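Asks: Provided herewith: coords-v5.tsv, TSV, C-alpha atoms.
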```tsv
chain	number	residue	atom	x	y	z
A	22	MET	CA	-0.41	95.47	43.85
A	23	THR	CA	-3.64	94.92	45.78
A	24	SER	CA	-5.53	91.66	46.01
A	25	PRO	CA	-8.91	91.43	44.30
A	26	ALA	CA	-11.94	91.79	46.55
A	27	ALA	CA	-13.70	88.92	44.77
A	28	VAL	CA	-13.29	86.48	41.93
A	29	LEU	CA	-16.20	85.33	39.77
A	30	TRP	CA	-16.08	82.05	37.88
A	31	ASP	CA	-18.40	81.28	34.98
A	32	LEU	CA	-18.48	77.51	35.36
A	33	ASP	CA	-21.76	76.50	33.77
A	34	GLY	CA	-21.31	76.06	30.06
A	35	THR	CA	-17.73	77.26	30.20
A	36	ILE	CA	-15.89	74.78	32.40
A	37	VAL	CA	-18.71	72.40	33.37
A	38	ASP	CA	-21.85	71.53	31.41
A	39	THR	CA	-24.48	71.05	34.13
A	40	GLU	CA	-27.61	71.40	31.99
A	41	PRO	CA	-28.02	67.60	31.48
A	42	LEU	CA	-27.61	67.09	35.24
A	43	TRP	CA	-30.25	69.71	36.02
A	44	MET	CA	-32.62	68.14	33.50
A	45	ALA	CA	-32.21	64.71	35.09
A	46	ALA	CA	-32.73	66.14	38.59
A	47	GLU	CA	-35.85	68.06	37.53
A	48	THR	CA	-37.29	64.97	35.85
A	49	ALA	CA	-36.61	62.81	38.92
A	50	LEU	CA	-38.08	65.40	41.28
A	51	ALA	CA	-41.26	65.71	39.21
A	52	ALA	CA	-41.61	61.91	39.01
A	53	ARG	CA	-41.15	61.58	42.76
A	54	HIS	CA	-44.15	63.88	43.20
A	55	GLY	CA	-46.29	62.14	40.57
A	56	ALA	CA	-45.74	64.71	37.83
A	57	THR	CA	-43.93	64.72	34.52
A	58	TRP	CA	-41.16	67.04	33.39
A	59	THR	CA	-40.12	67.22	29.77
A	60	GLU	CA	-37.05	68.64	28.11
A	61	GLU	CA	-39.29	71.38	26.71
A	62	ASP	CA	-40.35	72.29	30.27
A	63	GLY	CA	-36.72	72.66	31.28
A	64	LEU	CA	-35.71	74.61	28.19
A	65	ALA	CA	-38.56	77.06	28.79
A	66	LEU	CA	-36.73	78.12	31.96
A	67	VAL	CA	-33.41	78.80	30.26
```
For the structure just supplied, provide its representation as structure tokens.
Replies:
Amino acid sequence: MTSPAAVLWDLDGTIVDTEPLWMAAETALAARHGATWTEEDGLALV
């Protein structure tokens, strides 16, 4: 039996839900630069 050349893991939404963390980071980044970022802005990128 040969070893696999690579292994892919689908973490986001399967093992870990990172969407709320991304939303918080995007909001904080926008605020730091004097802008606003809404949930609708983030969802438009999904």
Asks: For Met44 in chain A, which residue among A:Met22, A:Val67, A:Ala27, A:Leu32 is the nearest when counting only C-alpha atoms?
Replies: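 With only C-alpha atoms as the atom set, the closest residue is A:Val67.
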Asks: What is the CA of Ala51 in chain A to CA of Gly63 in chain A distance in Å?
Replies: 11.5 Å
Asks: Using CA of Leu29 in chain A and CA of Leu64 in chain A as the two end points, give the distance in Å to one decimal.
Replies: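 According to the coordinates, CA of Leu29 in chain A and CA of Leu64 in chain A are separated by 25.1 Å.
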Asks: For CA of Leu66 in chain A and CA of Glu40 in chain A, determine how far apart the two atoms are, in Å to one decimal place.
Replies: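 It comes out at 11.3 Å.
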Asks: Write out as an mmCIF file with C-alpha atoms, keeping the file's coordinate frame the residues lying within 12 Å of Ala45 in chain A, counting only C-alpha atoms and excluding same-chain residues fewer than 6 positions away.
Replies:
```
data_model
loop_
_atom_site.group_PDB
_atom_site.id
_atom_site.type_symbol
_atom_site.label_atom_id
_atom_site.label_comp_id
_atom_site.auth_asym_id
_atom_site.auth_seq_id
_atom_site.Cartn_x
_atom_site.Cartn_y
_atom_site.Cartn_z
ATOM 1 C CA THR A 39 -24.480 71.050 34.130
ATOM 2 C CA ALA A 51 -41.260 65.710 39.210
ATOM 3 C CA ALA A 52 -41.610 61.910 39.010
ATOM 4 C CA THR A 57 -43.930 64.720 34.520
ATOM 5 C CA TRP A 58 -41.160 67.040 33.390
ATOM 6 C CA THR A 59 -40.120 67.220 29.770
ATOM 7 C CA GLU A 60 -37.050 68.640 28.110
ATOM 8 C CA GLY A 63 -36.720 72.660 31.280
#
```
